[in-house]
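Enquirer: Let me begin by handing over the structure; questions about it come next.
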Amino acid sequence: MYRYVLGTKMAEDLKRYEELIEEAKNIRGVSLRQDAWRRLKKNRAAFLAMIFLGMVAFLSFFTPFLPLQAPRQVDTSRQKMSCCMSPLFYESLKIPGDPGVDPLHDPLEEGFGRLGPVSHFMLQARVKIFGRWSLNSLCGTDKLGRDVLSRIFWGSRFSLVVGLVATIVSLFIGITYGAISGYCGGKVDNLMMRAVDVLYSIPFFFIVIFLITVLDAKEFREILSSWGINRVTVFFFVVGAIYWLTMARVVRGQVMSLKNEQFIEAARVVGAGPLRIIFHHLVPNLMSVAVIYLTLTIPNVMLFEAFLSFIGLGVEPPDISWGMLTRDGLDVITPVNIDWWLVVYPSMALALTLFALNFLGDGLRDALDPKQQK
């Protein structure tokens, strides 16, 4: 009787086990990345902001291919033309190879300046597809007859690259500094963090202006030019070097909470050294924090670049940025002539991009850190 009951129970347990196996086969696991993407898509503001930023990046990259007037092409017959005064098409571009046109002085080529191989290929493809036709100035023209919309698209390249590169520089410095400080602890941590406190007390805004002004002097500019360094390169590293302090503190706190976890102890047991533990085990677990910091710092850097360009210490002509376009618009506004489109459209482009980056940063923070959700 006992053996019969035991055999019956084992058969029932085996049947239940097989049912659980079949049920488990029908359940698909969700990775952390997939779960974060699902939560991000539910955040409508962040998802729309990501789509908008993708459109801005797409238009800035494919500007040479778009049928627009070249951003540097001057046409004095169309000075200060508002968007309401423009016809639909504009026909002044010449195609190399046309009778009576010098291919070395094509206005379309000169209107873009020096181009990389990819941009040059897109420009040639645009000429073959659209020829000399281009959409007219949908956002008006400036005091030299240059298309404002084309200049906004072309200037977005510099503004976006400045924000991204300077933020990546600050990200690299902050993660490295904070991870080493948090992992070492003790006197090393105290010394490194007191150095951060001292740097926090320095008015970096005035220091950046001072450095850019000094390095822009003729003697320093010649020395830097011989090394292939221009004001833009200096700007990248100077601005990137002042935004790493907050990141260093955040990373230090995260590392101090992770360095005593079991996977770190296991890495020590198998003989991993401090640098390998920091950069192969701790830093990869901080990527979510780094991504959030990246999206929240880019707006600050872009706004700082726009301000420096606005006061004449940022990008130099003939290069274009959104801050420089706004400054050029204010220069020509007088009580007699209020050319509003020269200020409104570049300012709107900058403001909408900063709003989108902030919304995306908040959405990524909620998606990558489920603990912050209710």
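Letters for chains follow the order of the structure tokens (A, B, ...), residue numbers begin at 1 for each chain, and ligand numbers begin at 1 in the order shown.
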Name all residues at most 10 Å from region 166-171 of chain A (count only C-alpha atoms; drop same-chain ones fewer than 6 positions away) and give them as a PyMOL selection string.
Expert: chain A and resi 177+233+235-248+290-291+293-302
Enquirer: Which is closer to Val148 (chain A) than all the others in A:Trp341, A:Phe279, A:Trp133, A:Phe58, using only C-alpha atoms?
Expert: A:Trp341
Enquirer: Have a look at A:Leu164, A:Leu68, A:Ala57, A:Leu352 and name the one nearest to Cys139 (chain A); count only C-alpha atoms.
Expert: A:Leu68
Enquirer: Near region 355-360 of chain A, within 9 Å and counting only C-alpha atoms, which residues show up once chain neighbours fewer than 5 positions away are dropped, as a PyMOL selection string?
Expert: chain A and resi 40+45-50+52-53+292+295-299+350+365
Enquirer: Compare A:Leu211, A:Val232, A:Leu258, A:Leu135 by their minimum atom-to-atom distance to Gly163 (chain A), counting only C-alpha atoms, and give me the closest one.
Expert: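 Under the stated criterion, the closest residue is A:Val232.
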Enquirer: Work out how far CA of Arg151 (chain A) is from CA of Ser134 (chain A), in Å to one decimal.
Expert: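 These two atoms are separated by 14.3 Å.
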Enquirer: So that I can check the surroundings of region 179-186 of chain A, please list as number ranges by chain every protein, DNA and RNA residue that reaches within 9 Å of it, counting only C-alpha atoms and ignoring chain neighbours fewer than 2 positions away.
Expert: A: 174-177, 188-193, 248-249, 251-257, 259, 274-275, 278-279, 282-283
Enquirer: May I have the selected residues written with N, CA, C and O atoms, as a tab-separated table (two decimals), in the first residue's frame?
Expert:
```tsv
chain	number	residue	atom	x	y	z
A	174	GLY	N	35.21	62.20	-16.31
A	174	GLY	CA	34.45	62.01	-15.08
A	174	GLY	C	34.34	60.55	-14.68
A	174	GLY	O	34.48	60.22	-13.49
A	175	ILE	N	34.10	59.66	-15.64
A	175	ILE	CA	33.99	58.23	-15.31
A	175	ILE	C	35.32	57.69	-14.81
A	175	ILE	O	35.39	56.97	-13.81
A	176	THR	N	36.40	58.02	-15.50
A	176	THR	CA	37.72	57.53	-15.08
A	176	THR	C	38.09	58.04	-13.69
A	176	THR	O	38.51	57.27	-12.82
A	177	TYR	N	37.93	59.33	-13.48
A	177	TYR	CA	38.30	59.94	-12.20
A	177	TYR	C	37.43	59.41	-11.07
A	177	TYR	O	37.94	59.01	-10.01
A	188	VAL	N	43.25	58.18	-0.71
A	188	VAL	CA	43.23	58.52	-2.14
A	188	VAL	C	41.89	59.13	-2.51
A	188	VAL	O	41.83	60.15	-3.22
A	189	ASP	N	40.82	58.55	-2.02
A	189	ASP	CA	39.49	59.07	-2.30
A	189	ASP	C	39.33	60.47	-1.70
A	189	ASP	O	38.79	61.38	-2.35
A	190	ASN	N	39.78	60.67	-0.46
A	190	ASN	CA	39.68	61.98	0.16
A	190	ASN	C	40.45	63.04	-0.62
A	190	ASN	O	39.95	64.15	-0.85
A	191	LEU	N	41.66	62.71	-1.04
A	191	LEU	CA	42.47	63.66	-1.78
A	191	LEU	C	41.83	64.02	-3.11
A	191	LEU	O	41.76	65.20	-3.49
A	192	MET	N	41.34	63.00	-3.83
A	192	MET	CA	40.75	63.26	-5.15
A	192	MET	C	39.45	64.05	-5.03
A	192	MET	O	39.17	64.95	-5.84
A	193	MET	N	38.64	63.76	-4.03
A	193	MET	CA	37.38	64.48	-3.88
A	193	MET	C	37.59	65.91	-3.37
A	193	MET	O	36.83	66.82	-3.71
A	248	ALA	N	31.94	62.83	-12.03
A	248	ALA	CA	32.89	62.14	-11.16
A	248	ALA	C	32.26	61.80	-9.81
A	248	ALA	O	32.46	60.70	-9.27
A	249	ARG	N	31.49	62.72	-9.27
A	249	ARG	CA	30.84	62.45	-7.98
A	249	ARG	C	29.79	61.36	-8.10
A	249	ARG	O	29.67	60.48	-7.23
A	251	VAL	N	29.62	58.91	-10.33
A	251	VAL	CA	30.28	57.61	-10.57
A	251	VAL	C	30.94	57.11	-9.30
A	251	VAL	O	30.91	55.91	-8.99
A	252	ARG	N	31.55	58.00	-8.54
A	252	ARG	CA	32.19	57.59	-7.27
A	252	ARG	C	31.17	56.94	-6.35
A	252	ARG	O	31.43	55.88	-5.75
A	253	GLY	N	30.00	57.54	-6.20
A	253	GLY	CA	28.99	56.96	-5.34
A	253	GLY	C	28.51	55.61	-5.82
A	253	GLY	O	28.33	54.67	-5.02
A	254	GLN	N	28.35	55.46	-7.13
A	254	GLN	CA	27.91	54.18	-7.68
A	254	GLN	C	28.98	53.10	-7.49
A	254	GLN	O	28.66	51.95	-7.17
A	255	VAL	N	30.24	53.46	-7.69
A	255	VAL	CA	31.32	52.49	-7.54
A	255	VAL	C	31.45	52.04	-6.09
A	255	VAL	O	31.66	50.85	-5.81
A	256	MET	N	31.30	52.97	-5.16
A	256	MET	CA	31.41	52.60	-3.74
A	256	MET	C	30.30	51.64	-3.33
A	256	MET	O	30.49	50.81	-2.43
A	257	SER	N	29.14	51.72	-3.98
A	257	SER	CA	28.07	50.78	-3.66
A	257	SER	C	28.22	49.44	-4.37
A	257	SER	O	27.58	48.46	-3.96
A	259	LYS	N	31.48	48.05	-5.31
A	259	LYS	CA	32.80	47.41	-5.21
A	259	LYS	C	32.83	46.27	-4.19
A	259	LYS	O	33.78	45.47	-4.19
A	274	PRO	N	43.33	45.81	-9.98
A	274	PRO	CA	42.41	46.95	-9.77
A	274	PRO	C	41.93	47.59	-11.07
A	274	PRO	O	40.73	47.90	-11.20
A	275	LEU	N	42.83	47.81	-12.03
A	275	LEU	CA	42.42	48.47	-13.28
A	275	LEU	C	41.45	47.59	-14.06
A	275	LEU	O	40.49	48.10	-14.66
A	278	ILE	N	38.09	47.79	-12.40
A	278	ILE	CA	37.43	49.08	-12.60
A	278	ILE	C	36.84	49.18	-14.00
A	278	ILE	O	35.66	49.51	-14.17
A	279	PHE	N	37.66	48.86	-15.02
A	279	PHE	CA	37.24	49.14	-16.40
A	279	PHE	C	36.53	47.96	-17.06
A	279	PHE	O	35.88	48.17	-18.09
A	282	LEU	N	33.32	47.22	-13.22
A	282	LEU	CA	32.55	48.30	-12.61
A	282	LEU	C	31.99	49.28	-13.63
A	282	LEU	O	30.80	49.62	-13.61
A	283	VAL	N	32.85	49.76	-14.54
A	283	VAL	CA	32.41	50.77	-15.51
A	283	VAL	C	31.26	50.26	-16.40
A	283	VAL	O	30.31	51.00	-16.65
```
Enquirer: Quick one: pick out all alpha helix (DSSP H) residues within region 141-193 of chain A from a backbone DSSP run and write them as number ranges by chain.
Expert: A: 148-184, 186-193
Enquirer: Got time to write the residues from that selection, N, CA and C atoms, as a CSV table (one decimal), in the first residue's frame?
Expert:
```csv
chain,number,residue,atom,x,y,z
A,148,VAL,N,18.1,81.3,-44.8
A,148,VAL,CA,18.1,81.1,-43.4
A,148,VAL,C,17.9,79.6,-43.0
A,149,LEU,N,17.0,79.0,-43.7
A,149,LEU,CA,16.7,77.5,-43.5
A,149,LEU,C,17.9,76.7,-43.7
A,150,SER,N,18.6,76.9,-44.9
A,150,SER,CA,19.8,76.2,-45.2
A,150,SER,C,20.9,76.4,-44.2
A,151,ARG,N,21.0,77.6,-43.7
A,151,ARG,CA,22.0,77.9,-42.7
A,151,ARG,C,21.7,77.3,-41.3
A,152,ILE,N,20.4,77.2,-41.0
A,152,ILE,CA,20.0,76.5,-39.8
A,152,ILE,C,20.3,75.0,-39.8
A,153,PHE,N,20.0,74.4,-41.0
A,153,PHE,CA,20.4,73.0,-41.1
A,153,PHE,C,21.9,72.8,-41.0
A,154,TRP,N,22.6,73.6,-41.8
A,154,TRP,CA,24.1,73.5,-41.8
A,154,TRP,C,24.7,73.9,-40.4
A,155,GLY,N,24.2,74.8,-39.7
A,155,GLY,CA,24.7,75.2,-38.4
A,155,GLY,C,24.4,74.2,-37.4
A,156,SER,N,23.3,73.4,-37.6
A,156,SER,CA,23.0,72.3,-36.6
A,156,SER,C,24.1,71.3,-36.5
A,157,ARG,N,24.9,71.1,-37.6
A,157,ARG,CA,26.0,70.2,-37.6
A,157,ARG,C,27.0,70.6,-36.5
A,158,PHE,N,27.4,71.9,-36.5
A,158,PHE,CA,28.4,72.3,-35.5
A,158,PHE,C,27.8,72.3,-34.1
A,159,SER,N,26.6,72.8,-33.9
A,159,SER,CA,26.0,72.8,-32.6
A,159,SER,C,25.8,71.4,-32.0
A,160,LEU,N,25.4,70.4,-32.8
A,160,LEU,CA,25.2,69.1,-32.3
A,160,LEU,C,26.5,68.4,-32.0
A,161,VAL,N,27.5,68.6,-32.9
A,161,VAL,CA,28.8,68.0,-32.7
A,161,VAL,C,29.5,68.6,-31.5
A,162,VAL,N,29.4,69.9,-31.3
A,162,VAL,CA,30.0,70.5,-30.1
A,162,VAL,C,29.4,69.9,-28.8
A,163,GLY,N,28.1,69.8,-28.8
A,163,GLY,CA,27.5,69.2,-27.6
A,163,GLY,C,27.9,67.8,-27.4
A,164,LEU,N,27.9,67.0,-28.4
A,164,LEU,CA,28.2,65.6,-28.3
A,164,LEU,C,29.7,65.4,-27.9
A,165,VAL,N,30.6,66.0,-28.7
A,165,VAL,CA,32.1,65.8,-28.4
A,165,VAL,C,32.5,66.3,-27.1
A,166,ALA,N,32.1,67.5,-26.7
A,166,ALA,CA,32.5,68.1,-25.4
A,166,ALA,C,31.9,67.2,-24.3
A,167,THR,N,30.7,66.7,-24.5
A,167,THR,CA,30.1,65.9,-23.4
A,167,THR,C,30.8,64.5,-23.3
A,168,ILE,N,31.2,64.0,-24.4
A,168,ILE,CA,32.0,62.7,-24.4
A,168,ILE,C,33.3,62.9,-23.7
A,169,VAL,N,34.0,64.0,-24.0
A,169,VAL,CA,35.2,64.3,-23.3
A,169,VAL,C,35.0,64.4,-21.8
A,170,SER,N,34.0,65.1,-21.4
A,170,SER,CA,33.7,65.2,-19.9
A,170,SER,C,33.3,63.9,-19.3
A,171,LEU,N,32.6,63.1,-20.1
A,171,LEU,CA,32.1,61.8,-19.7
A,171,LEU,C,33.3,60.9,-19.5
A,172,PHE,N,34.3,60.9,-20.4
A,172,PHE,CA,35.5,60.1,-20.2
A,172,PHE,C,36.3,60.5,-19.0
A,173,ILE,N,36.5,61.8,-18.8
A,173,ILE,CA,37.3,62.2,-17.6
A,173,ILE,C,36.5,61.9,-16.3
A,174,GLY,N,35.2,62.2,-16.3
A,174,GLY,CA,34.4,62.0,-15.1
A,174,GLY,C,34.3,60.5,-14.7
A,175,ILE,N,34.1,59.7,-15.6
A,175,ILE,CA,34.0,58.2,-15.3
A,175,ILE,C,35.3,57.7,-14.8
A,176,THR,N,36.4,58.0,-15.5
A,176,THR,CA,37.7,57.5,-15.1
A,176,THR,C,38.1,58.0,-13.7
A,177,TYR,N,37.9,59.3,-13.5
A,177,TYR,CA,38.3,59.9,-12.2
A,177,TYR,C,37.4,59.4,-11.1
A,178,GLY,N,36.1,59.4,-11.3
A,178,GLY,CA,35.2,59.0,-10.2
A,178,GLY,C,35.4,57.5,-9.9
A,179,ALA,N,35.6,56.6,-10.9
A,179,ALA,CA,35.7,55.2,-10.7
A,179,ALA,C,37.0,54.9,-9.9
A,180,ILE,N,38.1,55.5,-10.3
A,180,ILE,CA,39.3,55.3,-9.5
A,180,ILE,C,39.2,55.8,-8.1
A,181,SER,N,38.6,57.0,-7.9
A,181,SER,CA,38.4,57.5,-6.5
A,181,SER,C,37.5,56.6,-5.7
A,182,GLY,N,36.4,56.1,-6.2
A,182,GLY,CA,35.5,55.3,-5.5
A,182,GLY,C,36.1,53.9,-5.2
A,183,TYR,N,36.8,53.4,-6.1
A,183,TYR,CA,37.4,52.0,-5.9
A,183,TYR,C,38.5,52.1,-4.9
A,184,CYS,N,39.4,53.0,-4.9
A,184,CYS,CA,40.5,53.1,-4.1
A,184,CYS,C,40.1,53.4,-2.6
A,186,GLY,N,39.6,55.5,1.0
A,186,GLY,CA,40.6,56.0,2.0
A,186,GLY,C,41.2,57.3,1.7
A,187,LYS,N,42.5,57.5,1.9
A,187,LYS,CA,43.2,58.7,1.7
A,187,LYS,C,43.2,59.2,0.2
A,188,VAL,N,43.3,58.2,-0.7
A,188,VAL,CA,43.2,58.5,-2.1
A,188,VAL,C,41.9,59.1,-2.5
A,189,ASP,N,40.8,58.5,-2.0
A,189,ASP,CA,39.5,59.1,-2.3
A,189,ASP,C,39.3,60.5,-1.7
A,190,ASN,N,39.8,60.7,-0.5
A,190,ASN,CA,39.7,62.0,0.2
A,190,ASN,C,40.4,63.0,-0.6
A,191,LEU,N,41.7,62.7,-1.0
A,191,LEU,CA,42.5,63.7,-1.8
A,191,LEU,C,41.8,64.0,-3.1
A,192,MET,N,41.3,63.0,-3.8
A,192,MET,CA,40.7,63.3,-5.1
A,192,MET,C,39.4,64.1,-5.0
A,193,MET,N,38.6,63.8,-4.0
A,193,MET,CA,37.4,64.5,-3.9
A,193,MET,C,37.6,65.9,-3.4
```
Enquirer: CA of Gln69 (chain A) and CA of Met324 (chain A) are how many Å apart?
Expert: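 Straight-line distance from CA of Gln69 (chain A) to CA of Met324 (chain A) works out to 19.0 Å.
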Enquirer: Let me make sure I understand: among A:Leu66, A:Ile277, A:Val332, A:Val234, which one has the smallest atom-to-atom distance to Arg221 (chain A) if we use only C-alpha atoms?
Expert: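 For Arg221 (chain A), the nearest of the candidates is A:Val234.
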Enquirer: Taking only C-alpha atoms into account, name the residue in A:Leu303, A:Gly361, A:Val74, A:Thr353 that is nearest to Met55 (chain A).
Expert: A:Thr353
Enquirer: At what distance in Å, to one decimal, does CA of Gln73 (chain A) lie from CA of Arg327 (chain A)?
Expert: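 CA of Gln73 (chain A) lies at a distance of 19.2 Å from CA of Arg327 (chain A).
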Enquirer: Kindly indicate which residue among A:Ala351, A:Asp75, A:Phe310, A:Ile51 lies nearest to Asp331 (chain A), using only C-alpha atoms for the distances.
Expert: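 Closest to Asp331 (chain A) of all the choices is A:Phe310.
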